[in-house]
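*Asks:* Starting off with a structure, shown below.
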2 protein chains.
Amino acid sequence: MQLPADVIEDRIENWPVARLATSRSDGRPSQVPVVFARASGWLWSPVDGKPKAERELARVRNVLREPRVSLLLDEYEPDWTRLWWLRIDGEARVVRARPETDPEVAEAVEALRAKYPQYSRVPVLRDPPTLLAIRVEWISSWCAGLDAVSPAGARS
Amino acid sequence: MQLPADVIEDRIENWPVARLATSRSDGRPSQVPVVFARASGWLWSPVDGKPKAERELARVRNVLREPRVSLLLDEYEPDWTRLWWLRIDGEARVVRARPETDPEVAEAVEALRAKYPQYSRVPVLRDPPTLLAIRVEWISSWCAGLDAVSPAGARS
């Protein structure tokens, strides 16, 4: 069965992690776990603030060439009656701007800091931050049954 | 830093879930969480044994057209010093055969049943089972630090 609409909303708002799939130049899919927050009608995922290694650049490079991406939210549990997943097909753009000069980025950074208290302790948002902004185009979902749809807040 | 080689081995052997990325006909990436087990030098991931819905067919269709796939293993933790991920670039093939007539499939099914006691209770392996067999071509990994590399068995 599909996830109920209110559970989909709850997961997109509150689930702490997604797996981002992008396409490489040779068409091969690539994946990386990401954090994300919703703001201004977009999903915002920061590109890591540490000195940029190949993997961060790859994610950005892939999106600049092929903006169509996939975000997968799910939770593995040994009890398979509780399994669920939620997949977002979206279009991503790369945003590099300072919160002080870009209200949209200010809102995104605020949403990320509100969702992830970790940002108060680790310098993950660079100056200026690089963010992927993902527009949700299509949502697919599945769950094994109603056991899977307890609120995310209770378990995350 | 990268994951140490013995941790990579441990995760591939014991981690219970991976996210599989395939490419759709229009080049768009797609993702789904999968279980998998290693046998005969391949990673085997069963395609769900329930009456086939669109999502299972999509996964198989994608692989038949474009065998290059990605498997992502990772664990989200609120303590970001413990984060790690492990990405496998591989080539997949679709295998439909009975364990009684195909020794390779017999080994794969045995490995899946050994790794997942759930298969004794839920009829997930069809007759004949449909499996994706994935050949590991390249492994990339990352971890935030040594805190991330405690044995998987202690936490899965």
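Scheme for the structure tokens: letters A, B, ... for chains in order shown; per-chain residue numbers from 1; ligand numbers from 1 in order shown.
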Give me the residues near A:Arg68 as an mmCIF file with C-alpha atoms, in the first residue's frame, where near means some atom within 8 Å (using only C-alpha atoms) and where sequence neighbours in that chain fewer than 4 positions away do not count.
*Replies:*
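What ended up in selection-v6.cif:
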data_model
loop_
_atom_site.group_PDB
_atom_site.id
_atom_site.type_symbol
_atom_site.label_atom_id
_atom_site.label_comp_id
_atom_site.auth_asym_id
_atom_site.auth_seq_id
_atom_site.Cartn_x
_atom_site.Cartn_y
_atom_site.Cartn_z
ATOM 1 C CA THR A 22 22.134 11.823 -9.291
ATOM 2 C CA VAL A 63 23.231 18.267 -10.841
ATOM 3 C CA ASP A 89 11.516 12.588 -8.123
ATOM 4 C CA GLY A 90 12.685 16.133 -8.356
ATOM 5 C CA GLU A 91 14.594 18.729 -10.242
ATOM 6 C CA ALA A 92 17.608 20.198 -8.489
ATOM 7 C CA ARG B 28 16.421 9.600 -14.662
ATOM 8 C CA PRO B 29 17.756 7.838 -11.549
#
*Asks:* Let's have chain B fitted on chain A; use all the C-alpha atoms paired in order for the least-squares step and return it as an mmCIF file with C-alpha atoms, in the first residue's frame.
*Replies:*
data_model
loop_
_atom_site.group_PDB
_atom_site.id
_atom_site.type_symbol
_atom_site.label_atom_id
_atom_site.label_comp_id
_atom_site.auth_asym_id
_atom_site.auth_seq_id
_atom_site.Cartn_x
_atom_site.Cartn_y
_atom_site.Cartn_z
ATOM 1 C CA MET B 1 0.005 0.009 -0.004
ATOM 2 C CA GLN B 2 0.993 3.644 -0.394
ATOM 3 C CA LEU B 3 1.754 5.857 2.577
ATOM 4 C CA PRO B 4 -1.188 8.054 3.632
ATOM 5 C CA ALA B 5 -0.867 11.685 2.565
ATOM 6 C CA ASP B 6 -0.440 13.002 6.130
ATOM 7 C CA VAL B 7 2.380 10.523 6.754
ATOM 8 C CA ILE B 8 4.092 11.596 3.546
ATOM 9 C CA GLU B 9 3.884 15.208 4.737
ATOM 10 C CA ASP B 10 5.236 14.239 8.147
ATOM 11 C CA ARG B 11 8.155 12.285 6.703
ATOM 12 C CA ILE B 12 9.170 15.023 4.264
ATOM 13 C CA GLU B 13 9.037 17.551 7.074
ATOM 14 C CA ASN B 14 10.714 15.529 9.821
ATOM 15 C CA TRP B 15 12.691 12.577 8.486
ATOM 16 C CA PRO B 16 16.343 13.326 9.184
ATOM 17 C CA VAL B 17 18.035 11.668 6.221
ATOM 18 C CA ALA B 18 17.503 10.983 2.545
ATOM 19 C CA ARG B 19 19.571 9.215 -0.072
ATOM 20 C CA LEU B 20 20.180 11.430 -3.059
ATOM 21 C CA ALA B 21 20.645 9.826 -6.448
ATOM 22 C CA THR B 22 22.137 11.827 -9.290
ATOM 23 C CA SER B 23 23.338 10.820 -12.743
ATOM 24 C CA ARG B 24 26.991 10.882 -13.743
ATOM 25 C CA SER B 25 28.262 12.074 -17.087
ATOM 26 C CA ASP B 26 28.294 8.506 -18.391
ATOM 27 C CA GLY B 27 24.672 8.014 -17.312
ATOM 28 C CA ARG B 28 25.553 5.861 -14.358
ATOM 29 C CA PRO B 29 23.571 6.552 -11.170
ATOM 30 C CA SER B 30 25.403 7.756 -8.072
ATOM 31 C CA GLN B 31 24.157 8.035 -4.506
ATOM 32 C CA VAL B 32 25.012 9.744 -1.277
ATOM 33 C CA PRO B 33 23.167 10.203 2.033
ATOM 34 C CA VAL B 34 22.072 13.793 2.635
ATOM 35 C CA VAL B 35 20.317 15.926 5.194
ATOM 36 C CA PHE B 36 17.579 18.231 3.983
ATOM 37 C CA ALA B 37 14.929 20.674 5.139
ATOM 38 C CA ARG B 38 11.862 22.164 3.513
ATOM 39 C CA ALA B 39 11.584 25.919 2.988
ATOM 40 C CA SER B 40 9.939 28.227 0.442
ATOM 41 C CA GLY B 41 8.368 25.229 -1.266
ATOM 42 C CA TRP B 42 11.729 23.562 -2.001
ATOM 43 C CA LEU B 43 13.769 20.871 -0.319
ATOM 44 C CA TRP B 44 17.209 22.210 0.598
ATOM 45 C CA SER B 45 20.220 19.996 1.028
ATOM 46 C CA PRO B 46 23.530 21.553 2.008
ATOM 47 C CA VAL B 47 26.711 20.479 0.298
ATOM 48 C CA ASP B 48 29.195 19.713 3.027
ATOM 49 C CA GLY B 49 31.052 22.685 4.468
ATOM 50 C CA LYS B 50 34.405 21.007 4.844
ATOM 51 C CA PRO B 51 37.110 21.679 2.261
ATOM 52 C CA LYS B 52 35.596 20.231 -0.859
ATOM 53 C CA ALA B 53 36.535 16.694 -1.632
ATOM 54 C CA GLU B 54 35.822 14.923 -4.877
ATOM 55 C CA ARG B 55 32.534 13.521 -3.613
ATOM 56 C CA GLU B 56 30.972 16.911 -2.949
ATOM 57 C CA LEU B 57 32.086 18.291 -6.236
ATOM 58 C CA ALA B 58 30.712 15.226 -7.995
ATOM 59 C CA ARG B 59 27.251 15.797 -6.556
ATOM 60 C CA VAL B 60 27.230 19.428 -7.671
ATOM 61 C CA ARG B 61 28.720 18.609 -11.077
ATOM 62 C CA ASN B 62 26.109 15.936 -11.660
ATOM 63 C CA VAL B 63 23.236 18.268 -10.843
ATOM 64 C CA LEU B 64 24.593 21.070 -13.019
ATOM 65 C CA ARG B 65 24.621 18.694 -15.981
ATOM 66 C CA GLU B 66 21.503 16.646 -15.174
ATOM 67 C CA PRO B 67 19.082 18.307 -12.750
ATOM 68 C CA ARG B 68 16.708 15.329 -12.502
ATOM 69 C CA VAL B 69 17.390 13.621 -9.177
ATOM 70 C CA SER B 70 15.780 11.191 -6.790
ATOM 71 C CA LEU B 71 15.503 11.425 -2.995
ATOM 72 C CA LEU B 72 14.697 8.257 -1.089
ATOM 73 C CA LEU B 73 13.408 8.320 2.486
ATOM 74 C CA ASP B 74 13.013 5.005 4.260
ATOM 75 C CA GLU B 75 13.789 3.143 7.430
ATOM 76 C CA TYR B 76 15.060 -0.381 7.705
ATOM 77 C CA GLU B 77 13.636 -2.486 10.514
ATOM 78 C CA PRO B 78 14.139 -6.175 11.220
ATOM 79 C CA ASP B 79 10.340 -6.338 11.562
ATOM 80 C CA TRP B 80 9.431 -6.279 7.883
ATOM 81 C CA THR B 81 5.794 -5.453 8.605
ATOM 82 C CA ARG B 82 7.055 -1.966 9.546
ATOM 83 C CA LEU B 83 8.956 -1.198 6.359
ATOM 84 C CA TRP B 84 8.130 1.880 4.316
ATOM 85 C CA TRP B 85 9.751 4.070 1.722
ATOM 86 C CA LEU B 86 9.019 7.363 0.089
ATOM 87 C CA ARG B 87 10.681 8.423 -3.147
ATOM 88 C CA ILE B 88 10.762 11.930 -4.488
ATOM 89 C CA ASP B 89 11.518 12.590 -8.125
ATOM 90 C CA GLY B 90 12.683 16.136 -8.358
ATOM 91 C CA GLU B 91 14.603 18.736 -10.233
ATOM 92 C CA ALA B 92 17.605 20.199 -8.479
ATOM 93 C CA ARG B 93 19.508 23.430 -8.870
ATOM 94 C CA VAL B 94 22.737 24.519 -7.245
ATOM 95 C CA VAL B 95 22.489 27.656 -5.110
ATOM 96 C CA ARG B 96 25.525 29.506 -3.810
ATOM 97 C CA ALA B 97 24.570 32.658 -1.944
ATOM 98 C CA ARG B 98 24.811 34.318 1.440
ATOM 99 C CA PRO B 99 21.760 34.340 3.712
ATOM 100 C CA GLU B 100 22.303 38.090 4.241
ATOM 101 C CA THR B 101 21.851 38.851 0.583
ATOM 102 C CA ASP B 102 19.382 36.151 -0.488
ATOM 103 C CA PRO B 103 16.101 35.834 1.463
ATOM 104 C CA GLU B 104 15.430 32.383 -0.010
ATOM 105 C CA VAL B 105 18.802 31.124 1.212
ATOM 106 C CA ALA B 106 18.207 32.773 4.593
ATOM 107 C CA GLU B 107 14.980 30.798 4.920
ATOM 108 C CA ALA B 108 16.678 27.576 3.836
ATOM 109 C CA VAL B 109 19.535 27.987 6.305
ATOM 110 C CA GLU B 110 17.084 28.807 9.076
ATOM 111 C CA ALA B 111 15.057 25.662 8.281
ATOM 112 C CA LEU B 112 18.225 23.535 8.273
ATOM 113 C CA ARG B 113 19.369 24.965 11.603
ATOM 114 C CA ALA B 114 15.907 24.424 13.102
ATOM 115 C CA LYS B 115 15.758 20.815 11.935
ATOM 116 C CA TYR B 116 19.379 19.955 12.772
ATOM 117 C CA PRO B 117 20.720 21.255 16.105
ATOM 118 C CA GLN B 118 24.040 19.775 14.945
ATOM 119 C CA TYR B 119 24.598 22.926 12.880
ATOM 120 C CA SER B 120 25.133 24.895 16.072
ATOM 121 C CA ARG B 121 28.183 22.775 16.870
ATOM 122 C CA VAL B 122 29.767 21.848 13.551
ATOM 123 C CA PRO B 123 30.746 24.325 10.849
ATOM 124 C CA VAL B 124 28.907 22.575 8.072
ATOM 125 C CA LEU B 125 27.411 25.596 6.387
ATOM 126 C CA ARG B 126 30.148 27.428 4.527
ATOM 127 C CA ASP B 127 30.249 31.090 3.769
ATOM 128 C CA PRO B 128 28.662 31.301 1.296
ATOM 129 C CA PRO B 129 26.835 27.987 1.660
ATOM 130 C CA THR B 130 26.385 25.728 -1.338
ATOM 131 C CA LEU B 131 22.952 24.178 -1.359
ATOM 132 C CA LEU B 132 20.972 21.927 -3.618
ATOM 133 C CA ALA B 133 17.411 23.197 -3.959
ATOM 134 C CA ILE B 134 15.126 20.399 -5.080
ATOM 135 C CA ARG B 135 11.667 20.939 -6.504
ATOM 136 C CA VAL B 136 9.362 18.010 -5.802
ATOM 137 C CA GLU B 137 7.889 16.755 -9.072
ATOM 138 C CA TRP B 138 6.500 13.361 -8.145
ATOM 139 C CA ILE B 139 6.157 11.302 -4.974
ATOM 140 C CA SER B 140 5.946 7.510 -4.879
ATOM 141 C CA SER B 141 5.568 5.556 -1.681
ATOM 142 C CA TRP B 142 5.091 2.117 -0.294
ATOM 143 C CA CYS B 143 4.550 0.605 3.118
ATOM 144 C CA ALA B 144 4.095 -2.967 4.268
ATOM 145 C CA GLY B 145 1.011 -2.019 6.286
ATOM 146 C CA LEU B 146 -0.378 0.267 8.939
ATOM 147 C CA ASP B 147 2.328 -0.709 11.444
ATOM 148 C CA ALA B 148 4.751 1.228 9.284
ATOM 149 C CA VAL B 149 3.013 4.576 9.633
ATOM 150 C CA SER B 150 3.520 5.598 13.237
ATOM 151 C CA PRO B 151 4.756 9.185 13.561
ATOM 152 C CA ALA B 152 8.371 9.707 12.531
ATOM 153 C CA GLY B 153 8.972 11.813 15.631
ATOM 154 C CA ALA B 154 8.547 8.787 17.848
ATOM 155 C CA ARG B 155 11.426 6.959 16.212
ATOM 156 C CA SER B 156 13.882 9.389 14.648
#
*Asks:* Can you pull out every residue from stretch 63-112 of chain A that DSSP, working from the backbone, puts in alpha helix (DSSP H), and format the result as an NGL selection string?
*Replies:* :A and (63-65 or 103-112)
*Asks:* Suppose we keep C-alpha atoms; can you now write the selection as a JSON list (two decimals), in the first residue's frame?
*Replies:*
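Listed below is the output, result16.json:
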[["chain", "number", "residue", "atom", "x", "y", "z"],
["A", 63, "VAL", "CA", 23.23, 18.27, -10.84],
["A", 64, "LEU", "CA", 24.58, 21.07, -13.03],
["A", 65, "ARG", "CA", 24.62, 18.69, -15.98],
["A", 103, "PRO", "CA", 16.11, 35.83, 1.47],
["A", 104, "GLU", "CA", 15.44, 32.38, -0.01],
["A", 105, "VAL", "CA", 18.80, 31.12, 1.21],
["A", 106, "ALA", "CA", 18.21, 32.77, 4.57],
["A", 107, "GLU", "CA", 14.98, 30.79, 4.92],
["A", 108, "ALA", "CA", 16.69, 27.57, 3.84],
["A", 109, "VAL", "CA", 19.55, 27.98, 6.31],
["A", 110, "GLU", "CA", 17.10, 28.81, 9.08],
["A", 111, "ALA", "CA", 15.08, 25.67, 8.28],
["A", 112, "LEU", "CA", 18.24, 23.54, 8.27]]
*Asks:* Please identify the strand (DSSP E) residues within chain B (assignment by DSSP from backbone atoms) and present them as number ranges by chain.
*Replies:* B: 18-23, 29-34, 37-39, 42-46, 68-75, 84-96, 130-143
